[in-house]
Amino acid sequence: MKLLDTIAAVSTPYGKGGVAMIRISGADAFCVADKIFKAANGKPLSDTEHGKMTYGEIFMPSENISIDDGMAVRFCAPRSFTGEDTVEITCHGGILVTRKVLSAVLAAGARHAEAGEFTRRAYVSGKMKLTQAEALGDMLEADSESRLLLARNGMRGNLAKAADKIYVSLRTVLASMYAAIDFPDEDLAEMSREEISEALCKAKADIVKIANTYRTGRAVNEGIATVICGRANAGKSSVYNRILGYDAAIVTDIEGTTRDVLREKATLGSATLLLCDTAGLRKTDDVVENIGIERTLGVLNEAELVLAVFDASVPLTDEDRELIDIIANSKKTAIALLNKTDRGAETLVSLNKEVFAEVIHLSALTGEGFDTLAKTVDSLFIDGSIDISNDAIVTGARQYASLICAAEAVTQSIEDIDAELPLDLVSVGLESAMAALGEVDGREIGEEVVSEIFSKFCVGK
Ligand code: GDP
């Protein structure tokens, strides 16, 4: 990917709307805009004030036919989203007119931007750290209040700042070690071995504390792999639909209606659930249904949370007991949902507390009990002592993996310094710790990883 040419794309979603915005970024942005935008005040856009909106007409370069009228605003580097010279042109939001304005911009010399290229430039020019760029991506995806709060938190740079603080503390230790290694006779080292060990222990504790937020960050942002299982007709699909808030699965009283695994993302309380509805576990000669049951067992294996649905209006059956055994053997975090309580509860069973983290009475028909379910999931996966809006929180597997590597390398350095190993050996471990920590906010990260991260963005962002 070239990083120095001038790029352009429509930054608003495809479709009909009141207005659409075309963004141009790069060294020639003003020159490109001057070729297609004629301000009503007669001044070239490149002569207007930074950040000031100007009304004018948009033309195809070297043609005299007006495509549209609209507003243009120029941002001078580095005071723009990308950190480069940027022009944003707002035109009317018809599909054809928007496409024509973009064509004019491209004909005037800009290249069509790739997915995430504007944000990537913002990262490359130092306008944002990698974790902030990732949080921006999460914000575009956010479909729950808590995800939005978390994304906003990341965009404000709380994780980047926390990682940076630890990085700087490790750099201070390393500098002191280098001084002692390079000038052993001059007593330049400011830190004794004890002080180094102490500083490293503090850094390790800080890294582990941040890494531990990932359980919460993941439950809110990436989602908890959750499987709904139970015998046929217990009400699994009804529970699935109730959590999703719409009828995604077919509900009938005919056993074996759900044959394949259905998957949807849902919000429950503060958590995001990667929800699977499964075929009922029952003995049958139906080949297709049996394949569905096999798949159910497979999904159960991958799940982090099992929602086991029982029909509370009738006594437990052998199939229910078989399911309880399967869950017990799986050692998964499981919640028993005693459904159909609107019919009265027959199954006031004392379900084994060792198998189920919680037993909840509910009715998929009336919605009763689902608030309790939401609170239970929150209490199992979300650490209530974490402030989602303000604490440094890990929201992705990439960030978590880097922190774990950093923690391991610091642990090694602590062991080495405490074992009185030579400082040049200790410094090697510390350098790896800093490299791993530097990956969190992208200061030490490979080109391929950066490309992978930004490819998930949409064009125009
Ligand atoms: P599944 O086979 O386990 O997915 O069960 P379904 O969700 O398809 O439900 C089986 C039958 O039970 C349907 O007729 C549902 O309308 C009914 N049902 C599900 N949940 C409830 C509930 O909470 N109360 C009552 N009264 N009926 C329910």
# chains A, B, ... in the order shown; residues from 1 in each chain; ligands from 1
>>> select_by_dssp(residues="range 125-373 of chain A", states="strand (DSSP E)", output="PyMOL selection string")
chain A and resi 224-230+262-268+271-277+305-311+333-339+358-361
>>> residues_around(residues="Glu114 in chain A", least_positions_apart="2", cutoff="12 Å", atoms="only C-alpha atoms", output="JSON, numbers by chain")
{"A": [1, 2, 3, 6, 7, 8, 9, 10, 11, 111, 112, 116, 117, 118, 119, 120, 121, 451, 454, 455, 456, 457, 458, 459, 460, 461]}
>>> residues_around(residues="Leu430 in chain A", least_positions_apart="3", cutoff="8 Å", atoms="only C-alpha atoms", output="list in words")
Leu170, Leu174, Ala409, Val410, Ser413, Val426, Ser427, Ala433 and Met434 of chain A
>>> closest_residue(among="A:Val73, A:Val208, A:Ile335, A:Leu307", to="ligand 1", atoms="only C-alpha atoms and all ligand atoms")
A:Leu307
>>> closest_atom_pairs(of="range 363-443 of chain A", to="range 210-215 of chain A", cutoff="12 Å", atoms="only C-alpha atoms", output="tab-separated table")
residue	atom	partner	partner_atom	distance
A:Asp378	CA	A:Arg215	CA	11.3
A:Ser379	CA	A:Arg215	CA	11.8
A:Leu380	CA	A:Arg215	CA	10.1
A:Phe381	CA	A:Arg215	CA	6.7
A:Ile382	CA	A:Arg215	CA	7.1
A:Asp383	CA	A:Thr213	CA	7.9
A:Gly384	CA	A:Thr213	CA	10.8
A:Ser385	CA	A:Thr213	CA	10.1
A:Ile386	CA	A:Thr213	CA	7.7
A:Asp387	CA	A:Thr213	CA	10.2
A:Ile388	CA	A:Thr213	CA	9.8
A:Asp391	CA	A:Ile210	CA	9.0
A:Ala392	CA	A:Ile210	CA	6.6
A:Ile393	CA	A:Thr213	CA	5.4
A:Val394	CA	A:Tyr214	CA	4.8
A:Thr395	CA	A:Tyr214	CA	6.0
A:Gly396	CA	A:Tyr214	CA	7.4
A:Ala397	CA	A:Tyr214	CA	8.2
A:Arg398	CA	A:Tyr214	CA	10.7
A:Gln399	CA	A:Ala211	CA	8.4
A:Tyr400	CA	A:Ala211	CA	5.9
A:Ala401	CA	A:Ala211	CA	8.7
A:Ser402	CA	A:Ala211	CA	9.2
A:Leu403	CA	A:Ala211	CA	6.1
A:Ile404	CA	A:Ala211	CA	7.0
A:Cys405	CA	A:Ala211	CA	10.5
A:Ala406	CA	A:Ala211	CA	10.1
A:Ala407	CA	A:Ala211	CA	8.9
A:Glu408	CA	A:Ala211	CA	11.9
A:Leu437	CA	A:Ala211	CA	11.2
A:Val440	CA	A:Ala211	CA	10.9
>>> residues_around(residues="Asn64 in chain A", least_positions_apart="5", cutoff="12 Å", atoms="only C-alpha atoms", output="list in words")
Lys35, Ile36, Phe37, Lys38, Glu57, Ile58 and Phe59 of chain A
>>> write_last_selection(atoms="N, CA, C and O atoms", output="tab-separated table (two decimals), in the first residue's frame")
chain	number	residue	atom	x	y	z
A	35	LYS	N	-9.53	21.64	-8.53
A	35	LYS	CA	-9.88	21.30	-9.91
A	35	LYS	C	-11.37	21.00	-10.07
A	35	LYS	O	-11.89	21.01	-11.18
A	36	ILE	N	-12.06	20.67	-8.97
A	36	ILE	CA	-13.46	20.27	-9.13
A	36	ILE	C	-14.44	21.15	-8.36
A	36	ILE	O	-15.65	21.07	-8.55
A	37	PHE	N	-13.94	21.97	-7.45
A	37	PHE	CA	-14.85	22.75	-6.59
A	37	PHE	C	-14.67	24.24	-6.86
A	37	PHE	O	-13.56	24.77	-6.76
A	38	LYS	N	-15.79	24.90	-7.24
A	38	LYS	CA	-15.72	26.35	-7.47
A	38	LYS	C	-16.54	27.04	-6.39
A	38	LYS	O	-17.78	26.94	-6.37
A	57	GLU	N	-19.89	24.99	-6.14
A	57	GLU	CA	-20.40	23.98	-7.09
A	57	GLU	C	-19.30	22.97	-7.41
A	57	GLU	O	-18.11	23.30	-7.38
A	58	ILE	N	-19.76	21.76	-7.74
A	58	ILE	CA	-18.80	20.68	-8.02
A	58	ILE	C	-18.88	20.35	-9.51
A	58	ILE	O	-19.99	20.15	-10.04
A	59	PHE	N	-17.71	20.30	-10.15
A	59	PHE	CA	-17.64	20.05	-11.59
A	59	PHE	C	-16.74	18.86	-11.87
A	59	PHE	O	-15.86	18.54	-11.08
>>> decode(residues="range 46-80 of chain A", atoms="N, CA, C and O atoms", output="short mmCIF file (atom, residue, chain, number, x, y, z; two decimals), in the first residue's frame")
data_model
loop_
_atom_site.label_atom_id
_atom_site.label_comp_id
_atom_site.auth_asym_id
_atom_site.auth_seq_id
_atom_site.Cartn_x
_atom_site.Cartn_y
_atom_site.Cartn_z
N SER A 46 -8.15 26.25 -1.84
CA SER A 46 -6.82 26.20 -1.20
C SER A 46 -6.46 27.53 -0.52
O SER A 46 -5.51 27.57 0.25
N ASP A 47 -7.24 28.59 -0.81
CA ASP A 47 -6.97 29.88 -0.14
C ASP A 47 -7.88 30.13 1.06
O ASP A 47 -7.78 31.16 1.71
N THR A 48 -8.82 29.20 1.31
CA THR A 48 -9.76 29.45 2.41
C THR A 48 -9.14 29.01 3.73
O THR A 48 -8.17 28.25 3.77
N GLU A 49 -9.77 29.49 4.78
CA GLU A 49 -9.27 29.23 6.13
C GLU A 49 -9.38 27.74 6.50
O GLU A 49 -10.35 27.09 6.08
N HIS A 50 -8.47 27.26 7.30
CA HIS A 50 -8.54 25.88 7.82
C HIS A 50 -9.85 25.67 8.59
O HIS A 50 -10.22 26.52 9.42
N GLY A 51 -10.55 24.60 8.27
CA GLY A 51 -11.74 24.22 9.06
C GLY A 51 -12.99 25.03 8.75
O GLY A 51 -14.02 24.82 9.38
N LYS A 52 -12.92 25.93 7.75
CA LYS A 52 -14.10 26.77 7.47
C LYS A 52 -14.88 26.19 6.29
O LYS A 52 -14.31 25.87 5.26
N MET A 53 -16.19 26.08 6.46
CA MET A 53 -17.03 25.53 5.40
C MET A 53 -17.24 26.56 4.30
O MET A 53 -17.49 27.73 4.60
N THR A 54 -17.16 26.10 3.06
CA THR A 54 -17.35 27.03 1.93
C THR A 54 -18.40 26.43 1.01
O THR A 54 -18.34 25.24 0.67
N TYR A 55 -19.33 27.26 0.58
CA TYR A 55 -20.37 26.80 -0.33
C TYR A 55 -19.88 26.95 -1.77
O TYR A 55 -19.22 27.93 -2.11
N GLY A 56 -20.22 26.00 -2.62
CA GLY A 56 -19.82 26.13 -4.03
C GLY A 56 -20.42 25.05 -4.90
O GLY A 56 -21.30 24.30 -4.47
N GLU A 57 -19.89 24.99 -6.14
CA GLU A 57 -20.40 23.98 -7.09
C GLU A 57 -19.30 22.97 -7.41
O GLU A 57 -18.11 23.30 -7.38
N ILE A 58 -19.76 21.76 -7.74
CA ILE A 58 -18.80 20.68 -8.02
C ILE A 58 -18.88 20.35 -9.51
O ILE A 58 -19.99 20.15 -10.04
N PHE A 59 -17.71 20.30 -10.15
CA PHE A 59 -17.64 20.05 -11.59
C PHE A 59 -16.74 18.86 -11.87
O PHE A 59 -15.86 18.54 -11.08
N MET A 60 -16.96 18.24 -13.06
CA MET A 60 -15.99 17.27 -13.55
C MET A 60 -14.79 18.12 -14.00
O MET A 60 -15.00 19.18 -14.60
N PRO A 61 -13.53 17.72 -13.73
CA PRO A 61 -12.40 18.57 -14.12
C PRO A 61 -12.44 18.85 -15.63
O PRO A 61 -12.76 17.95 -16.40
N SER A 62 -12.11 20.03 -15.98
CA SER A 62 -12.09 20.54 -17.36
C SER A 62 -13.40 20.36 -18.12
O SER A 62 -13.43 20.33 -19.33
N GLU A 63 -14.51 20.22 -17.43
CA GLU A 63 -15.84 20.27 -18.09
C GLU A 63 -16.61 21.38 -17.40
O GLU A 63 -16.38 21.66 -16.23
N ASN A 64 -17.54 21.92 -18.14
CA ASN A 64 -18.23 23.06 -17.53
C ASN A 64 -19.62 22.71 -17.01
O ASN A 64 -20.43 23.58 -16.74
N ILE A 65 -19.88 21.39 -16.88
CA ILE A 65 -21.23 21.00 -16.44
C ILE A 65 -21.20 20.76 -14.94
O ILE A 65 -20.41 19.96 -14.44
N SER A 66 -22.07 21.46 -14.24
CA SER A 66 -22.11 21.34 -12.78
C SER A 66 -22.74 19.99 -12.39
O SER A 66 -23.83 19.65 -12.85
N ILE A 67 -22.06 19.23 -11.53
CA ILE A 67 -22.61 17.94 -11.06
C ILE A 67 -23.58 18.20 -9.90
O ILE A 67 -24.65 17.60 -9.81
N ASP A 68 -23.20 19.09 -9.02
CA ASP A 68 -24.00 19.33 -7.81
C ASP A 68 -23.49 20.61 -7.14
O ASP A 68 -22.44 21.13 -7.54
N ASP A 69 -24.21 21.07 -6.16
CA ASP A 69 -23.64 22.11 -5.30
C ASP A 69 -23.52 21.53 -3.90
O ASP A 69 -24.23 20.57 -3.54
N GLY A 70 -22.62 22.08 -3.12
CA GLY A 70 -22.42 21.52 -1.78
C GLY A 70 -21.43 22.34 -0.98
O GLY A 70 -21.10 23.47 -1.35
N MET A 71 -20.97 21.77 0.11
CA MET A 71 -20.05 22.48 1.01
C MET A 71 -18.70 21.76 0.99
O MET A 71 -18.65 20.54 0.93
N ALA A 72 -17.65 22.54 1.08
CA ALA A 72 -16.31 21.93 1.19
C ALA A 72 -15.57 22.56 2.36
O ALA A 72 -15.77 23.73 2.67
N VAL A 73 -14.78 21.75 3.00
CA VAL A 73 -13.98 22.27 4.11
C VAL A 73 -12.57 21.69 3.99
O VAL A 73 -12.42 20.52 3.63
N ARG A 74 -11.57 22.57 4.19
CA ARG A 74 -10.21 22.02 4.09
C ARG A 74 -9.56 22.01 5.48
O ARG A 74 -9.82 22.89 6.32
N PHE A 75 -8.77 20.99 5.70
CA PHE A 75 -8.02 20.85 6.96
C PHE A 75 -6.55 20.77 6.59
O PHE A 75 -6.16 19.94 5.77
N CYS A 76 -5.75 21.66 7.19
CA CYS A 76 -4.32 21.67 6.86
C CYS A 76 -3.57 20.72 7.79
O CYS A 76 -3.80 20.72 9.00
N ALA A 77 -2.65 19.94 7.19
CA ALA A 77 -1.82 19.01 7.98
C ALA A 77 -1.07 19.81 9.05
O ALA A 77 -0.64 20.92 8.77
N PRO A 78 -0.94 19.32 10.26
CA PRO A 78 -1.38 18.00 10.72
C PRO A 78 -2.74 18.04 11.42
O PRO A 78 -3.12 17.08 12.07
N ARG A 79 -3.50 19.15 11.22
CA ARG A 79 -4.74 19.30 12.00
C ARG A 79 -5.93 18.66 11.27
O ARG A 79 -6.91 19.32 10.94
N SER A 80 -5.80 17.39 10.94
CA SER A 80 -6.90 16.68 10.29
C SER A 80 -6.97 15.28 10.87
O SER A 80 -6.08 14.87 11.61
#
